[in-house]
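**Student:** Take a look at the following structure, please.
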Amino acid sequence: MSTDYFSWKNFSELADLNGHIAFATDVIQRHQWQPAVLATLKMALERIVTKQNDKKLNVSVIGEFSTGKSTFINALLRRELLAASALQGTTVAVTVIEHTGQNALFVSMANGKQNRRQFRSVMEMHDMLYDLTTNPATAQQLHVVGVELMSESLEKGIRIIDTPGTNATEQWHEQVTRRAIRELSDLSVILVDATRPLPQTLCTFIGENLSDVLEQCIFVVTKIDLVRAVERPMLINYIKKKTAALGCPNALVLPYVAPAVIHAFAPGSDTFDNDELRRLSMQSEEQLYSHTARQRLQAQARKLITLTTQLYDSLTSQVKKMAEECEHQLEVLTKTLQTDLAPFIAQQKTKRQQQLATLMEGYKLNSDAQVNQLADDGKKHIMTTVLQKPNLDQLKQYMTQDLAKDCAAEAQKMAEAAQGTQKDFRECFRQVMNDFQTDFEKLFTDLKILQIDFGRKDFKYPEERQVDTVNLNDAAQFVSSELSKENWAFLGGAAAGAVVGTMIAPGVGTVIGAVAGFVFGGNQAPKIEKVRSQLSKKMTPLLDSFFNKTISTIGNTRNEYMTLMQQNIVIEIDRYLDSYQAIVNQRIVLQRQQRAKVEQQINSLNSELAIIAQRRQSLMSIAQQLH
């Protein structure tokens, strides 16, 4: 057998597959891809690279029971490795046979476990292999059986894959065969018994399982020695017609007599000796291996064509998307510049001022009720304090020293309560501005103009307005002063009585005069109950006036703040518009710069696409030549 017929290296170098693979790898690495697209590209490339790095050609053998499959493989191996059993379905597990420097079996189980065992002789390995592959209970647990064999016939770069029979009684045998064809084979050899050429069972298997990979199959006619020489050409033509009917009009059909080959390399193993059939079979072997190499190269070329097509389509999509996005952005910006937002902004200002006024009014009513209640509580507290003083001295002290402080303290409580309402107003402002922002962003979608995500903006509020406590303190001092005058009027009677007493008893010693005056003055001085009663009447209008003034001052301050809030709504809406217009102008500048970059990228991608197209055309030409 010539070593040039199936030199994968020679074919690969001729087609420069490595160059195409390197190019595809570089394109994938240099460009940006969608995650799903990148995963697909990498997976396709990985399969191609894995197959490229495997320097052996995988030839699977498919045949029905009694077609002489084991004998055919033994002939290719030049060894009696496989048992040719008379039992149907002898092989029930995939067996992969390849050349190494020793004889060994490698077993991969369906559960993931693996085991490897070396043998001293091929016959010893023969017996173990027979037990593994013909015992259904064991074979169903196997994923694949690997045979490492010292074989000159395989040393050139062939790996043989033995599959279960296609007309076995067990349906799962055919499933194993389908998997081997799809996952392992570069080419499948379909054995045809010359005495029963392409029976319906085999045709059915081919139609159901091989219709999409028939180009990767050849047909080897076994037992052709049992057909008269004159009938052999007619038999080959008949088989070609049937394969054409199956969907493979250019099928390669090769005659082969395994015993003739075995006798040539092991003369003592068989009495078969026919030089013509031996020569014919050896030519078929050479064609088989050469065709396998071409098929593998063609398969690799087709995979690379598919990959480069994916690269081309994906990059074309990128170019189209980039151009469309760039044009769309420019259209949006142009439309944005042409859109008059003034009517929308004017309407929003009125709408949001009214909304803010409505929201604040509710808090204002609550604030009024709270402040009025605090005013009533303050007046009651002061009146209660006055009525509880037990004597004139303590009453005098409270009126002159503490009354103003109490009035100021009660006014401060009212001011602090009102101050909290300003925080509520700011929350109303925030709500109103958020509603405006929602409407503004909705406008982008409705008008199809530039969209900007403002996020959570920090709104600017007017500074809090403080109640004028200076004036309130002055008012509290005035109330205290007016009421103290009334108190002095009552308390002054006691002093006057003492003077009169002294005048009534002139000449009496100083002490007696003083006592007499005190007694007289005491009789003239008012009682504490009377003082408190009359004082409360005087206090009521003055306290009412003070607390009413406090309420008025607080109300004025609050109303001023409400007015500032409504004015600030206008300011903030204008600030939004200014910010938006500034961003639009900035985007226009950036978009013009981006457009230039995009055009450069598109030009670069178009150049890349031209190269990919050339590569794809080259691969298609190679695949066509190898057809």
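Ordering of the structure tokens sets the chain letters (A, B, ...), residue numbers begin anew at 1 in every chain, and ligands are numbered from 1 in the order given.
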Do you know which residues are at most 12 Å from A:Glu124 counting only C-alpha atoms, after dropping those on the same chain fewer than 3 positions away, and could you put them as a ChimeraX atom specification?

**Tutor:** /A:80-82,103-105,117-121,127-131

**Student:** With only C-alpha atoms as the counted atoms, please give the residues lying no more than 10 Å from A:Asn391, apart from itself and same-chain residues fewer than 5 positions off, as a CSV table (one decimal) with N, CA and C atoms, in the first residue's frame.

**Tutor:**
chain,number,residue,atom,x,y,z
A,396,LYS,N,-46.1,88.9,92.7
A,396,LYS,CA,-45.3,90.1,92.2
A,396,LYS,C,-44.1,89.6,91.5
A,527,LYS,N,-56.8,91.8,99.4
A,527,LYS,CA,-56.6,90.3,99.6
A,527,LYS,C,-56.0,89.7,98.3
A,528,ILE,N,-55.3,88.5,98.5
A,528,ILE,CA,-54.7,87.8,97.4
A,528,ILE,C,-55.7,87.3,96.4
A,529,GLU,N,-56.9,86.8,96.9
A,529,GLU,CA,-57.9,86.3,96.0
A,529,GLU,C,-58.4,87.3,95.1
A,531,VAL,N,-56.9,90.1,94.3
A,531,VAL,CA,-55.8,90.5,93.3
A,531,VAL,C,-55.8,89.5,92.1
A,532,ARG,N,-55.8,88.2,92.4
A,532,ARG,CA,-55.8,87.2,91.3
A,532,ARG,C,-57.0,87.3,90.4

**Student:** Could you give me, as a PDB file with N, CA, C and O atoms, in the first residue's frame, the residues within 9 Å of A:Met383, counting only C-alpha atoms and dropping anything in the same chain fewer than 5 positions from it?

**Tutor:**
ATOM      1  N   GLY A 378     -50.847  77.378  75.719  1.00  0.00           N
ATOM      2  CA  GLY A 378     -49.940  78.353  76.341  1.00  0.00           C
ATOM      3  C   GLY A 378     -50.680  79.319  77.241  1.00  0.00           C
ATOM      4  O   GLY A 378     -50.231  79.627  78.354  1.00  0.00           O
ATOM      5  N   GLN A 388     -52.326  80.035  90.717  1.00  0.00           N
ATOM      6  CA  GLN A 388     -51.789  79.131  91.733  1.00  0.00           C
ATOM      7  C   GLN A 388     -50.803  79.818  92.687  1.00  0.00           C
ATOM      8  O   GLN A 388     -50.307  79.183  93.618  1.00  0.00           O
ATOM      9  N   SER A 536     -56.565  88.381  86.482  1.00  0.00           N
ATOM     10  CA  SER A 536     -56.882  87.470  85.382  1.00  0.00           C
ATOM     11  C   SER A 536     -57.741  88.163  84.329  1.00  0.00           C
ATOM     12  O   SER A 536     -57.624  87.897  83.132  1.00  0.00           O
ATOM     13  N   MET A 539     -55.416  90.169  82.364  1.00  0.00           N
ATOM     14  CA  MET A 539     -54.456  89.388  81.574  1.00  0.00           C
ATOM     15  C   MET A 539     -55.063  88.841  80.276  1.00  0.00           C
ATOM     16  O   MET A 539     -54.374  88.743  79.260  1.00  0.00           O
ATOM     17  N   THR A 540     -56.329  88.465  80.311  1.00  0.00           N
ATOM     18  CA  THR A 540     -56.950  87.761  79.177  1.00  0.00           C
ATOM     19  C   THR A 540     -56.794  88.498  77.848  1.00  0.00           C
ATOM     20  O   THR A 540     -56.302  87.934  76.861  1.00  0.00           O
TER      21      THR A 540
END

**Student:** Restricting the calculation to only C-alpha atoms: of A:Leu365, A:Ile190, A:Val386, A:Val144, which residue gets closest to A:Lys537?

**Tutor:** A:Val386

**Student:** Tell me, as a PyMOL selection string, which residues lie within 12 Å of A:Leu315, counting only C-alpha atoms; anything in the same chain fewer than 5 positions away does not count.

**Tutor:** chain A and resi 27-28+30-34+37-38+308-310+320-322+601-610+612-613

**Student:** Which one is closest to A:Lys242: A:Thr138, A:Ser281, A:Ser481, A:Gln200? Count only C-alpha atoms.

**Tutor:**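 With only C-alpha atoms as the atom set, the closest residue is A:Gln200.
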
**Student:** Determine which residues of stretch 112-221 of chain A DSSP labels as alpha helix (DSSP H) from the backbone of this structure, then write them out as an NGL selection string.

**Tutor:** :A and (122-134 or 136-139 or 171-183 or 200-209)

**Student:** Could you turn the residues from that selection into a file that holds N, CA and C atoms, as a CSV table (one decimal), in the first residue's frame?

**Tutor:**
chain,number,residue,atom,x,y,z
A,122,VAL,N,-1.3,-10.5,21.1
A,122,VAL,CA,-2.6,-10.1,20.5
A,122,VAL,C,-3.7,-11.1,20.8
A,123,MET,N,-3.3,-12.4,20.8
A,123,MET,CA,-4.3,-13.4,21.1
A,123,MET,C,-5.0,-13.2,22.5
A,124,GLU,N,-4.1,-12.9,23.5
A,124,GLU,CA,-4.7,-12.7,24.8
A,124,GLU,C,-5.6,-11.5,24.8
A,125,MET,N,-5.2,-10.5,24.1
A,125,MET,CA,-6.1,-9.3,24.0
A,125,MET,C,-7.4,-9.6,23.2
A,126,HIS,N,-7.2,-10.5,22.2
A,126,HIS,CA,-8.4,-10.9,21.4
A,126,HIS,C,-9.5,-11.5,22.2
A,127,ASP,N,-9.1,-12.4,23.2
A,127,ASP,CA,-10.1,-13.1,24.0
A,127,ASP,C,-10.8,-12.1,24.9
A,128,MET,N,-10.0,-11.2,25.5
A,128,MET,CA,-10.6,-10.2,26.4
A,128,MET,C,-11.5,-9.2,25.7
A,129,LEU,N,-11.1,-8.8,24.5
A,129,LEU,CA,-11.9,-7.9,23.6
A,129,LEU,C,-13.3,-8.6,23.3
A,130,TYR,N,-13.2,-9.9,23.0
A,130,TYR,CA,-14.4,-10.6,22.6
A,130,TYR,C,-15.4,-10.6,23.7
A,131,ASP,N,-14.9,-10.9,24.9
A,131,ASP,CA,-15.8,-10.9,26.1
A,131,ASP,C,-16.4,-9.5,26.4
A,132,LEU,N,-15.6,-8.5,26.2
A,132,LEU,CA,-16.1,-7.1,26.5
A,132,LEU,C,-17.2,-6.7,25.5
A,133,THR,N,-17.0,-7.0,24.2
A,133,THR,CA,-17.9,-6.4,23.2
A,133,THR,C,-19.0,-7.3,22.8
A,134,THR,N,-19.0,-8.6,23.2
A,134,THR,CA,-20.1,-9.5,22.8
A,134,THR,C,-21.1,-9.8,23.9
A,136,PRO,N,-23.9,-8.6,26.1
A,136,PRO,CA,-24.8,-7.5,26.2
A,136,PRO,C,-24.8,-6.8,27.6
A,137,ALA,N,-24.8,-7.6,28.6
A,137,ALA,CA,-24.8,-7.0,30.0
A,137,ALA,C,-23.7,-6.1,30.2
A,138,THR,N,-22.5,-6.4,29.7
A,138,THR,CA,-21.3,-5.6,29.9
A,138,THR,C,-21.3,-4.5,28.9
A,139,ALA,N,-21.6,-4.8,27.6
A,139,ALA,CA,-21.5,-3.8,26.5
A,139,ALA,C,-22.4,-2.6,26.7
A,171,GLN,N,-32.5,-2.6,19.4
A,171,GLN,CA,-32.6,-1.3,18.8
A,171,GLN,C,-31.4,-0.4,19.2
A,172,TRP,N,-30.9,-0.5,20.4
A,172,TRP,CA,-29.9,0.4,20.9
A,172,TRP,C,-28.5,0.2,20.2
A,173,HIS,N,-28.4,-1.0,19.5
A,173,HIS,CA,-27.2,-1.2,18.7
A,173,HIS,C,-27.0,-0.1,17.6
A,174,GLU,N,-28.2,0.2,17.0
A,174,GLU,CA,-28.2,1.2,15.9
A,174,GLU,C,-27.9,2.6,16.5
A,175,GLN,N,-28.4,2.8,17.7
A,175,GLN,CA,-28.2,4.1,18.3
A,175,GLN,C,-26.7,4.3,18.6
A,176,VAL,N,-26.0,3.3,19.0
A,176,VAL,CA,-24.5,3.3,19.2
A,176,VAL,C,-23.8,3.6,17.9
A,177,THR,N,-24.3,3.0,16.8
A,177,THR,CA,-23.7,3.2,15.5
A,177,THR,C,-23.9,4.6,15.0
A,178,ARG,N,-25.1,5.2,15.2
A,178,ARG,CA,-25.3,6.5,14.8
A,178,ARG,C,-24.4,7.5,15.5
A,179,ARG,N,-24.2,7.3,16.8
A,179,ARG,CA,-23.3,8.1,17.6
A,179,ARG,C,-21.9,8.1,17.1
A,180,ALA,N,-21.4,6.9,16.8
A,180,ALA,CA,-20.1,6.7,16.3
A,180,ALA,C,-19.9,7.5,15.0
A,181,ILE,N,-20.9,7.4,14.1
A,181,ILE,CA,-20.7,8.1,12.8
A,181,ILE,C,-20.7,9.6,13.0
A,182,ARG,N,-21.5,10.1,13.9
A,182,ARG,CA,-21.6,11.6,14.0
A,182,ARG,C,-20.4,12.1,14.8
A,183,GLU,N,-20.0,11.4,15.8
A,183,GLU,CA,-19.0,12.0,16.8
A,183,GLU,C,-17.6,11.6,16.4
A,200,GLN,N,-33.3,-4.4,2.0
A,200,GLN,CA,-34.2,-3.4,2.5
A,200,GLN,C,-33.8,-2.9,3.9
A,201,THR,N,-33.4,-3.9,4.7
A,201,THR,CA,-33.1,-3.5,6.1
A,201,THR,C,-31.9,-2.5,6.1
A,202,LEU,N,-30.9,-2.7,5.3
A,202,LEU,CA,-29.8,-1.8,5.2
A,202,LEU,C,-30.2,-0.5,4.6
A,203,CYS,N,-31.0,-0.5,3.5
A,203,CYS,CA,-31.5,0.7,2.9
A,203,CYS,C,-32.3,1.5,3.9
A,204,THR,N,-33.1,0.9,4.7
A,204,THR,CA,-33.9,1.6,5.7
A,204,THR,C,-32.9,2.3,6.7
A,205,PHE,N,-31.9,1.6,7.2
A,205,PHE,CA,-30.9,2.1,8.1
A,205,PHE,C,-30.2,3.4,7.5
A,206,ILE,N,-29.8,3.2,6.3
A,206,ILE,CA,-29.1,4.3,5.6
A,206,ILE,C,-30.1,5.5,5.5
A,207,GLY,N,-31.3,5.3,5.1
A,207,GLY,CA,-32.3,6.4,4.9
A,207,GLY,C,-32.6,7.1,6.2
A,208,GLU,N,-32.7,6.4,7.3
A,208,GLU,CA,-33.1,6.9,8.6
A,208,GLU,C,-31.9,7.6,9.3
A,209,ASN,N,-30.7,7.1,9.1
A,209,ASN,CA,-29.6,7.5,9.9
A,209,ASN,C,-28.4,8.2,9.2

**Student:** If I take atom CA of A:Glu46 and atom CA of A:Phe23, how far is one from the other in Å, to one decimal?

**Tutor:**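 According to the coordinates, atom CA of A:Glu46 and atom CA of A:Phe23 are separated by 13.7 Å.
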
**Student:** With DSSP run on the backbone, what are the strand (DSSP E) residues within stretch 101-347 of chain A? I'd like them as JSON, numbers by chain.

**Tutor:** {"A": [104, 105, 106, 107, 108, 109, 114, 115, 116, 117, 118, 142, 143, 144, 145, 146, 147, 148, 149, 158, 159, 160, 161, 162, 187, 188, 189, 190, 191, 192, 193, 217, 218, 219, 220, 221, 222, 253, 254, 255]}

**Student:** Choose the residue, out of A:Val221, A:Leu304, A:Cys248, A:Leu443, that has the smallest atom-to-atom separation from A:Leu45; count only C-alpha atoms.

**Tutor:**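 The shortest atom-to-atom distance to A:Leu45 comes from A:Leu304.
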